[in-house]
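The structure file my_file-v6.cif is reproduced below (mmCIF, C-alpha atoms).
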data_start
#
loop_
_atom_site.group_PDB
_atom_site.id
_atom_site.type_symbol
_atom_site.label_atom_id
_atom_site.label_comp_id
_atom_site.auth_asym_id
_atom_site.auth_seq_id
_atom_site.Cartn_x
_atom_site.Cartn_y
_atom_site.Cartn_z
ATOM 1 C CA MET O 1 -110.335 8.655 2.415
ATOM 2 C CA PRO O 2 -110.162 5.873 5.030
ATOM 3 C CA GLU O 3 -112.183 6.293 8.193
ATOM 4 C CA ARG O 4 -110.194 7.934 10.967
ATOM 5 C CA PRO O 5 -109.451 5.196 13.531
ATOM 6 C CA ARG O 6 -110.065 5.823 17.199
ATOM 7 C CA LEU O 7 -107.029 5.626 19.457
ATOM 8 C CA SER O 8 -106.603 4.427 23.059
ATOM 9 C CA ALA O 9 -103.632 5.451 25.189
ATOM 10 C CA CYS O 10 -102.475 2.847 27.718
ATOM 11 C CA VAL O 11 -100.292 3.741 30.702
ATOM 12 C CA ILE O 12 -99.148 1.595 33.646
ATOM 13 C CA THR O 13 -98.322 3.286 36.956
ATOM 14 C CA LEU O 14 -97.057 2.803 40.484
ATOM 15 C CA ASN O 15 -96.488 5.865 42.694
ATOM 16 C CA GLU O 16 -96.024 8.338 39.834
ATOM 17 C CA ALA O 17 -97.993 11.297 41.215
ATOM 18 C CA ASP O 18 -95.138 13.678 40.402
ATOM 19 C CA ARG O 19 -94.984 12.658 36.737
ATOM 20 C CA VAL O 20 -98.359 11.313 35.665
ATOM 21 C CA ASP O 21 -99.907 14.751 34.970
ATOM 22 C CA ALA O 22 -97.338 15.606 32.295
ATOM 23 C CA CYS O 23 -97.649 12.161 30.729
ATOM 24 C CA LEU O 24 -101.443 12.261 30.496
ATOM 25 C CA ALA O 25 -101.511 15.883 29.320
ATOM 26 C CA SER O 26 -99.369 14.866 26.357
ATOM 27 C CA LEU O 27 -101.955 12.184 25.493
ATOM 28 C CA ALA O 28 -104.940 14.541 25.366
ATOM 29 C CA PHE O 29 -105.306 13.986 21.601
ATOM 30 C CA CYS O 30 -106.207 10.310 22.125
ATOM 31 C CA ASP O 31 -109.841 9.193 22.221
ATOM 32 C CA GLU O 32 -109.407 7.592 25.632
ATOM 33 C CA ILE O 33 -106.705 7.090 28.242
ATOM 34 C CA VAL O 34 -106.496 3.864 30.226
ATOM 35 C CA VAL O 35 -104.331 3.866 33.351
ATOM 36 C CA VAL O 36 -103.578 0.522 35.007
ATOM 37 C CA ASP O 37 -102.242 1.097 38.512
ATOM 38 C CA SER O 38 -100.598 -1.567 40.662
ATOM 39 C CA GLY O 39 -101.197 -0.167 44.139
ATOM 40 C CA SER O 40 -100.076 3.456 44.295
ATOM 41 C CA SER O 41 -100.157 5.124 47.695
ATOM 42 C CA ASP O 42 -99.229 8.669 46.633
ATOM 43 C CA GLY O 43 -102.399 9.831 44.889
ATOM 44 C CA THR O 44 -101.438 8.666 41.389
ATOM 45 C CA ARG O 45 -104.856 7.120 40.735
ATOM 46 C CA GLU O 46 -106.687 10.265 41.849
ATOM 47 C CA ARG O 47 -104.538 12.520 39.697
ATOM 48 C CA ALA O 48 -105.035 10.274 36.689
ATOM 49 C CA ALA O 49 -108.797 10.228 37.180
ATOM 50 C CA ALA O 50 -108.822 14.019 37.466
ATOM 51 C CA ARG O 51 -107.148 14.096 34.042
ATOM 52 C CA GLY O 52 -110.042 12.102 32.606
ATOM 53 C CA ALA O 53 -108.314 8.726 32.508
ATOM 54 C CA ARG O 54 -110.173 5.480 33.112
ATOM 55 C CA VAL O 55 -108.245 4.030 36.048
ATOM 56 C CA ILE O 56 -108.089 0.290 36.681
ATOM 57 C CA GLU O 57 -106.331 -1.357 39.616
ATOM 58 C CA HIS O 58 -104.441 -4.539 38.792
ATOM 59 C CA ALA O 59 -101.755 -6.415 40.716
ATOM 60 C CA PHE O 60 -98.304 -6.164 39.131
ATOM 61 C CA GLU O 61 -97.008 -9.489 37.808
ATOM 62 C CA GLY O 62 -94.334 -8.162 35.464
ATOM 63 C CA PHE O 63 -93.820 -5.326 32.990
ATOM 64 C CA ARG O 64 -94.927 -7.278 29.928
ATOM 65 C CA ALA O 65 -97.960 -8.785 31.639
ATOM 66 C CA GLN O 66 -99.068 -5.428 33.041
ATOM 67 C CA LYS O 67 -98.804 -3.689 29.688
ATOM 68 C CA ASP O 68 -100.562 -6.562 27.957
ATOM 69 C CA PHE O 69 -103.403 -6.291 30.476
ATOM 70 C CA ALA O 70 -103.668 -2.544 29.883
ATOM 71 C CA VAL O 71 -103.961 -3.085 26.127
ATOM 72 C CA SER O 72 -106.693 -5.681 26.696
ATOM 73 C CA GLN O 73 -108.724 -3.083 28.619
ATOM 74 C CA ALA O 74 -108.672 -0.515 25.810
ATOM 75 C CA ARG O 75 -111.927 0.212 24.005
ATOM 76 C CA HIS O 76 -110.223 0.735 20.640
ATOM 77 C CA ASP O 77 -107.967 -1.523 18.591
ATOM 78 C CA TRP O 78 -105.288 1.044 17.857
ATOM 79 C CA VAL O 79 -103.312 1.676 21.037
ATOM 80 C CA LEU O 80 -100.482 3.985 22.070
ATOM 81 C CA CYS O 81 -98.525 2.666 25.064
ATOM 82 C CA LEU O 82 -96.500 4.937 27.334
ATOM 83 C CA ASP O 83 -94.818 4.701 30.710
ATOM 84 C CA ALA O 84 -95.704 7.352 33.266
ATOM 85 C CA ASP O 85 -92.231 8.896 32.972
ATOM 86 C CA GLU O 86 -92.686 9.528 29.239
ATOM 87 C CA CYS O 87 -94.349 12.339 27.282
ATOM 88 C CA VAL O 88 -95.348 12.714 23.635
ATOM 89 C CA THR O 89 -93.659 15.788 22.179
ATOM 90 C CA PRO O 90 -95.603 18.200 19.918
ATOM 91 C CA ALA O 91 -93.622 16.953 16.907
ATOM 92 C CA LEU O 92 -94.443 13.319 17.640
ATOM 93 C CA ARG O 93 -98.071 14.183 18.310
ATOM 94 C CA ALA O 94 -98.280 15.869 14.894
ATOM 95 C CA SER O 95 -96.837 12.746 13.246
ATOM 96 C CA ILE O 96 -99.269 10.447 15.038
ATOM 97 C CA GLU O 97 -102.286 12.620 14.257
ATOM 98 C CA ALA O 98 -101.366 12.918 10.568
ATOM 99 C CA THR O 99 -100.922 9.156 10.334
ATOM 100 C CA ARG O 100 -104.194 8.527 12.153
ATOM 101 C CA ASP O 101 -106.044 11.000 9.901
ATOM 102 C CA ALA O 102 -104.781 8.943 6.957
ATOM 103 C CA GLY O 103 -106.217 5.775 8.524
ATOM 104 C CA PHE O 104 -102.965 4.132 9.722
ATOM 105 C CA VAL O 105 -102.713 2.705 6.203
ATOM 106 C CA GLY O 106 -99.870 0.391 5.309
ATOM 107 C CA ALA O 107 -98.644 -0.582 8.760
ATOM 108 C CA ALA O 108 -99.518 -2.771 11.728
ATOM 109 C CA GLY O 109 -97.421 -0.614 14.034
ATOM 110 C CA TYR O 110 -95.230 2.466 14.318
ATOM 111 C CA ARG O 111 -91.968 3.128 16.096
ATOM 112 C CA PHE O 112 -90.369 6.414 17.022
ATOM 113 C CA ALA O 113 -87.287 7.718 18.772
ATOM 114 C CA ARG O 114 -87.106 8.075 22.528
ATOM 115 C CA CYS O 115 -84.808 10.649 24.119
ATOM 116 C CA THR O 116 -83.871 10.448 27.784
ATOM 117 C CA GLU O 117 -83.394 13.378 30.133
ATOM 118 C CA TYR O 118 -80.286 12.820 32.238
ATOM 119 C CA PHE O 119 -79.438 15.276 35.019
ATOM 120 C CA GLY O 120 -80.833 18.361 33.346
ATOM 121 C CA ALA O 121 -80.310 17.709 29.626
ATOM 122 C CA PHE O 122 -81.478 15.229 27.006
ATOM 123 C CA LEU O 123 -78.967 12.656 25.776
ATOM 124 C CA ARG O 124 -78.742 12.771 21.983
ATOM 125 C CA HIS O 125 -76.024 10.211 21.278
ATOM 126 C CA GLY O 126 -74.633 6.888 22.420
ATOM 127 C CA ASN O 127 -76.787 3.947 23.417
ATOM 128 C CA ALA O 128 -79.396 6.371 24.746
ATOM 129 C CA TYR O 129 -80.543 7.863 21.428
ATOM 130 C CA PRO O 130 -82.436 7.373 19.206
ATOM 131 C CA ASP O 131 -83.557 4.238 21.150
ATOM 132 C CA ARG O 132 -86.497 3.624 18.794
ATOM 133 C CA VAL O 133 -89.478 1.943 20.424
ATOM 134 C CA LEU O 134 -92.604 0.328 18.970
ATOM 135 C CA ARG O 135 -95.446 1.804 21.007
ATOM 136 C CA LEU O 136 -98.250 2.529 18.531
ATOM 137 C CA PHE O 137 -99.901 -0.544 17.030
ATOM 138 C CA ASP O 138 -103.054 -2.388 16.061
ATOM 139 C CA ARG O 139 -103.664 -4.848 18.901
ATOM 140 C CA ARG O 140 -105.447 -7.198 16.499
ATOM 141 C CA ARG O 141 -102.075 -7.748 14.830
ATOM 142 C CA GLY O 142 -99.698 -7.549 17.762
ATOM 143 C CA GLY O 143 -98.999 -6.609 21.337
ATOM 144 C CA TRP O 144 -96.733 -7.299 24.295
ATOM 145 C CA ARG O 145 -95.994 -10.870 23.250
ATOM 146 C CA ALA O 146 -92.271 -11.146 24.021
ATOM 147 C CA GLY O 147 -91.788 -13.771 26.713
ATOM 148 C CA ARG O 148 -89.609 -11.939 29.204
ATOM 149 C CA GLU O 149 -91.046 -9.568 31.798
ATOM 150 C CA ILE O 150 -87.992 -7.266 31.930
ATOM 151 C CA HIS O 151 -86.836 -5.188 28.907
ATOM 152 C CA GLU O 152 -90.191 -6.075 27.393
ATOM 153 C CA HIS O 153 -91.108 -4.957 23.882
ATOM 154 C CA ALA O 154 -94.146 -5.045 21.626
ATOM 155 C CA VAL O 155 -94.198 -7.019 18.386
ATOM 156 C CA VAL O 156 -96.652 -7.005 15.486
ATOM 157 C CA ASP O 157 -97.493 -9.198 12.522
ATOM 158 C CA GLY O 158 -97.047 -6.808 9.643
ATOM 159 C CA ASN O 159 -95.205 -3.741 8.453
ATOM 160 C CA VAL O 160 -93.670 -1.359 11.007
ATOM 161 C CA LEU O 161 -93.001 2.249 9.977
ATOM 162 C CA THR O 162 -91.044 4.994 11.735
ATOM 163 C CA LEU O 163 -92.642 8.301 12.705
ATOM 164 C CA ALA O 164 -90.891 11.652 13.083
ATOM 165 C CA GLY O 165 -90.692 13.244 16.508
ATOM 166 C CA ASP O 166 -89.432 12.102 19.882
ATOM 167 C CA LEU O 167 -90.904 10.490 22.943
ATOM 168 C CA GLU O 168 -89.416 12.257 25.967
ATOM 169 C CA HIS O 169 -88.269 9.985 28.785
ATOM 170 C CA ARG O 170 -87.533 11.258 32.298
ATOM 171 C CA ALA O 171 -86.368 7.983 33.732
ATOM 172 C CA TYR O 172 -84.354 8.709 36.865
ATOM 173 C CA ARG O 173 -85.092 11.049 39.747
ATOM 174 C CA SER O 174 -81.502 10.811 41.032
ATOM 175 C CA LEU O 175 -78.318 8.768 40.688
ATOM 176 C CA ASP O 176 -79.429 6.688 43.668
ATOM 177 C CA ASP O 177 -82.698 5.985 41.866
ATOM 178 C CA GLN O 178 -80.832 4.872 38.731
ATOM 179 C CA LEU O 179 -78.451 2.639 40.694
ATOM 180 C CA ALA O 180 -81.298 1.022 42.651
ATOM 181 C CA ARG O 181 -83.263 0.346 39.480
ATOM 182 C CA TYR O 182 -80.283 -1.078 37.636
ATOM 183 C CA ARG O 183 -79.615 -3.415 40.545
ATOM 184 C CA ARG O 184 -83.156 -4.760 40.381
ATOM 185 C CA TYR O 185 -83.033 -5.032 36.599
ATOM 186 C CA ALA O 186 -79.731 -6.932 36.776
ATOM 187 C CA ALA O 187 -81.213 -9.415 39.237
ATOM 188 C CA MET O 188 -84.341 -9.944 37.159
ATOM 189 C CA MET O 189 -82.347 -10.323 33.943
ATOM 190 C CA ALA O 190 -80.052 -12.855 35.627
ATOM 191 C CA ASP O 191 -83.111 -14.908 36.565
ATOM 192 C CA HIS O 192 -84.435 -14.665 33.010
ATOM 193 C CA MET O 193 -81.134 -15.635 31.404
ATOM 194 C CA GLN O 194 -80.704 -18.617 33.689
ATOM 195 C CA ALA O 195 -84.255 -19.793 32.961
ATOM 196 C CA SER O 196 -83.498 -19.433 29.232
ATOM 197 C CA GLY O 197 -80.411 -21.627 29.518
ATOM 198 C CA ARG O 198 -77.883 -18.800 29.225
ATOM 199 C CA ARG O 199 -74.506 -19.459 30.880
ATOM 200 C CA ALA O 200 -72.046 -16.875 32.196
ATOM 201 C CA ARG O 201 -68.291 -17.118 31.934
ATOM 202 C CA LEU O 202 -65.841 -15.078 33.938
ATOM 203 C CA ALA O 203 -64.814 -13.374 30.698
ATOM 204 C CA ASN O 204 -68.344 -11.938 30.454
ATOM 205 C CA LEU O 205 -67.668 -9.861 33.578
ATOM 206 C CA VAL O 206 -64.797 -8.125 31.782
ATOM 207 C CA LEU O 207 -65.543 -8.183 28.064
ATOM 208 C CA ASN O 208 -69.292 -7.483 28.007
ATOM 209 C CA PRO O 209 -69.188 -4.348 30.199
ATOM 210 C CA GLY O 210 -66.155 -3.090 28.279
ATOM 211 C CA TRP O 211 -67.894 -3.584 24.939
ATOM 212 C CA ARG O 212 -71.023 -1.867 26.236
ATOM 213 C CA PHE O 213 -68.986 1.186 27.195
ATOM 214 C CA VAL O 214 -66.961 1.293 23.963
ATOM 215 C CA ARG O 215 -70.029 0.825 21.770
ATOM 216 C CA GLY O 216 -72.041 3.558 23.454
ATOM 217 C CA TYR O 217 -69.408 6.110 24.413
ATOM 218 C CA MET O 218 -67.041 5.831 21.469
ATOM 219 C CA LEU O 219 -68.621 4.071 18.467
ATOM 220 C CA ARG O 220 -72.024 5.726 18.944
ATOM 221 C CA ALA O 221 -70.487 9.054 19.982
ATOM 222 C CA GLY O 222 -71.813 9.196 23.529
ATOM 223 C CA PHE O 223 -68.872 11.495 24.290
ATOM 224 C CA LEU O 224 -70.735 14.250 22.420
ATOM 225 C CA ASP O 225 -73.146 14.406 25.368
ATOM 226 C CA GLY O 226 -70.305 15.624 27.593
ATOM 227 C CA TRP O 227 -69.983 14.488 31.178
ATOM 228 C CA ARG O 228 -73.569 13.196 31.131
ATOM 229 C CA GLY O 229 -72.706 10.838 28.298
ATOM 230 C CA PHE O 230 -69.665 9.580 30.204
ATOM 231 C CA VAL O 231 -71.588 8.967 33.438
ATOM 232 C CA PHE O 232 -74.402 7.255 31.558
ATOM 233 C CA ALA O 233 -71.966 4.960 29.735
ATOM 234 C CA CYS O 234 -70.297 4.058 33.028
ATOM 235 C CA MET O 235 -73.626 3.214 34.653
ATOM 236 C CA GLU O 236 -74.595 0.995 31.717
ATOM 237 C CA ALA O 237 -71.299 -0.876 31.895
ATOM 238 C CA ASP O 238 -71.763 -1.448 35.629
ATOM 239 C CA TYR O 239 -75.252 -2.782 34.985
ATOM 240 C CA VAL O 240 -73.944 -5.318 32.466
ATOM 241 C CA ARG O 241 -71.183 -6.417 34.858
ATOM 242 C CA GLU O 242 -73.649 -6.967 37.714
ATOM 243 C CA LYS O 243 -76.042 -8.848 35.438
ATOM 244 C CA PHE O 244 -73.391 -11.394 34.482
ATOM 245 C CA ALA O 245 -72.020 -11.582 38.024
ATOM 246 C CA ARG O 246 -75.465 -12.497 39.288
ATOM 247 C CA LEU O 247 -75.920 -15.063 36.526
ATOM 248 C CA TRP O 248 -72.536 -16.589 37.444
ATOM 249 C CA LEU O 249 -73.586 -16.850 41.094
ATOM 250 C CA LEU O 250 -76.966 -18.349 40.163
ATOM 251 C CA GLN O 251 -75.467 -21.110 38.057
ATOM 252 C CA HIS O 252 -73.080 -21.954 40.903
ATOM 253 C CA GLY O 253 -75.940 -22.162 43.401
ATOM 254 C CA THR O 254 -74.840 -19.257 45.552
ATOM 255 C CA GLY O 255 -77.687 -16.793 44.970
ATOM 256 C CA GLY O 256 -77.629 -13.634 42.929
ATOM 257 C CA GLY O 257 -81.057 -13.554 41.294
ATOM 258 C CA TRP O 258 -84.135 -11.539 42.055
ATOM 259 C CA GLN O 259 -85.404 -14.059 44.583
ATOM 260 C CA ASN O 260 -82.567 -12.862 46.797
ATOM 261 C CA GLY O 261 -83.383 -9.204 46.350
ATOM 262 C CA GLY O 262 -87.048 -8.771 47.116
ATOM 263 C CA SER O 263 -90.447 -9.055 45.506
ATOM 264 C CA PRO O 264 -90.870 -7.945 41.882
ATOM 265 C CA SER O 265 -94.136 -6.267 42.897
ATOM 266 C CA ALA O 266 -92.109 -3.761 44.920
ATOM 267 C CA MET O 267 -90.535 -2.492 41.739
ATOM 268 C CA THR O 268 -91.772 0.686 40.056
ATOM 269 C CA ALA O 269 -94.108 -0.678 37.441
ATOM 270 C CA ASP O 270 -93.166 1.657 34.627
ATOM 271 C CA ALA O 271 -89.466 2.012 35.311
ATOM 272 C CA GLN O 272 -87.130 0.543 32.726
ATOM 273 C CA PRO O 273 -83.661 1.244 31.434
ATOM 274 C CA THR O 274 -83.305 3.712 28.620
ATOM 275 C CA SER O 275 -81.841 1.118 26.321
ATOM 276 C CA LYS O 276 -81.767 -2.638 26.444
ATOM 277 C CA PRO O 277 -78.408 -4.116 27.442
#
Would you write the structure of this file as structure tokens?
Amino acid sequence: MPERPRLSACVITLNEADRVDACLASLAFCDEIVVVDSGSSDGTRERAAARGARVIEHAFEGFRAQKDFAVSQARHDWVLCLDADECVTPALRASIEATRDAGFVGAAGYRFARCTEYFGAFLRHGNAYPDRVLRLFDRRRGGWRAGREIHEHAVVDGNVLTLAGDLEHRAYRSLDDQLARYRRYAAMMADHMQASGRRARLANLVLNPGWRFVRGYMLRAGFLDGWRGFVFACMEADYVREKFARLWLLQHGTGGGWQNGGSPSAMTADAQPTSKP
């Protein structure tokens, strides 16, 4: 029987006092919890410390960089990375514990489904689900290496297996919150695409949002989530349209990127769209 590896949970926060307790409670099975906070003013750090987390303050330079820093501060090589608006369900916890008891044999990382709560119910179809994310991995063989700071994702060198159980995601406090976040994400993605040499055409403002809606709402059966699925699909399509509109304006020298919308450090550090447009 392989030795049971020790596991560190890594969470990044900014003003998440209303959600951090549930997140950290769901991580109680881990051997340690590391919280990296980027300047909360609402008592997030104190609440995390009261839950037994080791709290570290670190200036926010981007989602990927912040998560990479958190992983570097862990005491153990196997890490489980969550955002403060996420919780490990009992079913997912059972899967993780069984895999850990077996020594994490045969994989460098594990992915699992993420389900998003949207105005009182969890979305179970469309682009929102299963939204599988790689969050449990051996940092010696991977980490937050992807170059972009928005829609960041972990990668590993080795086999990736899928675990049963869901990660619950309570992303948006209100429609205004979702719209404000999508606007910031669109601006940051426009900056990233321009820096990567991506070009926008006027057709992108029509075809890409339309395809996003059709793929999620019709082909992936988002309509089965009722009115919530319809509203979510509409919001995603609007996000894609604004992203390409901003890229179009950037490449024509008339603004549109994040530099025209504020400082990235003002952005909620662990907020991110449910799925990656």
Run through the PyMOL selection byres ((chain O and resi 114-130) around 10) on the given coordinates and return the selected residues as an mmCIF file with C-alpha atoms, in the frame of the given file.
data_model
loop_
_atom_site.group_PDB
_atom_site.id
_atom_site.type_symbol
_atom_site.label_atom_id
_atom_site.label_comp_id
_atom_site.auth_asym_id
_atom_site.auth_seq_id
_atom_site.Cartn_x
_atom_site.Cartn_y
_atom_site.Cartn_z
ATOM 1 C CA ASP O 85 -92.231 8.896 32.972
ATOM 2 C CA GLU O 86 -92.686 9.528 29.239
ATOM 3 C CA CYS O 87 -94.349 12.339 27.282
ATOM 4 C CA VAL O 88 -95.348 12.714 23.635
ATOM 5 C CA ARG O 111 -91.968 3.128 16.096
ATOM 6 C CA PHE O 112 -90.369 6.414 17.022
ATOM 7 C CA ALA O 113 -87.287 7.718 18.772
ATOM 8 C CA ASP O 131 -83.557 4.238 21.150
ATOM 9 C CA ARG O 132 -86.497 3.624 18.794
ATOM 10 C CA VAL O 133 -89.478 1.943 20.424
ATOM 11 C CA GLY O 165 -90.692 13.244 16.508
ATOM 12 C CA ASP O 166 -89.432 12.102 19.882
ATOM 13 C CA LEU O 167 -90.904 10.490 22.943
ATOM 14 C CA GLU O 168 -89.416 12.257 25.967
ATOM 15 C CA HIS O 169 -88.269 9.985 28.785
ATOM 16 C CA ARG O 170 -87.533 11.258 32.298
ATOM 17 C CA ALA O 171 -86.368 7.983 33.732
ATOM 18 C CA TYR O 172 -84.354 8.709 36.865
ATOM 19 C CA ARG O 173 -85.092 11.049 39.747
ATOM 20 C CA SER O 174 -81.502 10.811 41.032
ATOM 21 C CA LEU O 175 -78.318 8.768 40.688
ATOM 22 C CA ARG O 212 -71.023 -1.867 26.236
ATOM 23 C CA PHE O 213 -68.986 1.186 27.195
ATOM 24 C CA VAL O 214 -66.961 1.293 23.963
ATOM 25 C CA ARG O 215 -70.029 0.825 21.770
ATOM 26 C CA GLY O 216 -72.041 3.558 23.454
ATOM 27 C CA TYR O 217 -69.408 6.110 24.413
ATOM 28 C CA MET O 218 -67.041 5.831 21.469
ATOM 29 C CA LEU O 219 -68.621 4.071 18.467
ATOM 30 C CA ARG O 220 -72.024 5.726 18.944
ATOM 31 C CA ALA O 221 -70.487 9.054 19.982
ATOM 32 C CA GLY O 222 -71.813 9.196 23.529
ATOM 33 C CA PHE O 223 -68.872 11.495 24.290
ATOM 34 C CA LEU O 224 -70.735 14.250 22.420
ATOM 35 C CA ASP O 225 -73.146 14.406 25.368
ATOM 36 C CA GLY O 226 -70.305 15.624 27.593
ATOM 37 C CA ARG O 228 -73.569 13.196 31.131
ATOM 38 C CA GLY O 229 -72.706 10.838 28.298
ATOM 39 C CA PHE O 230 -69.665 9.580 30.204
ATOM 40 C CA VAL O 231 -71.588 8.967 33.438
ATOM 41 C CA PHE O 232 -74.402 7.255 31.558
ATOM 42 C CA ALA O 233 -71.966 4.960 29.735
ATOM 43 C CA GLU O 236 -74.595 0.995 31.717
ATOM 44 C CA PRO O 273 -83.661 1.244 31.434
ATOM 45 C CA THR O 274 -83.305 3.712 28.620
ATOM 46 C CA SER O 275 -81.841 1.118 26.321
ATOM 47 C CA LYS O 276 -81.767 -2.638 26.444
ATOM 48 C CA PRO O 277 -78.408 -4.116 27.442
#
Near segment 15-24 of chain O, counting all atoms listed in the file, which residues have an atom at most 12 Å away, once you skip same-chain residues fewer than 5 positions from it, shown as a ChimeraX atom specification? /O:8-10,29-30,32-54,80-89,167-173,266-271
Hey, what's within 12 Å of Gly109 of chain O if we count all atoms listed in the file and toss same-chain stuff fewer than 2 positions away? As a PyMOL selection string, please? chain O and resi 77-81+96+99-100+104-107+111-112+133-143+154-163
Rounded to one decimal place, report the atom CA of Phe63 of chain O-atom CA of Leu250 of chain O distance in Å.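 Atom CA of Leu250 of chain O lies 22.5 Å from atom CA of Phe63 of chain O.
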Edge lengths and centre, in Å to one decimal, as lines of an AutoDock Vina configuration file: that's what I need for the box along x, y and z that holds all listed atoms of segment 94-98 of chain O plus 3 Å on each side.
center_x = -99.6
center_y = 13.2
center_z = 12.8
size_x = 11.4
size_y = 11.4
size_z = 10.5
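The interatomic distance for the pair atom CA of Asp68 of chain O and atom CA of Ala108 of chain O works out to 16.7 Å.
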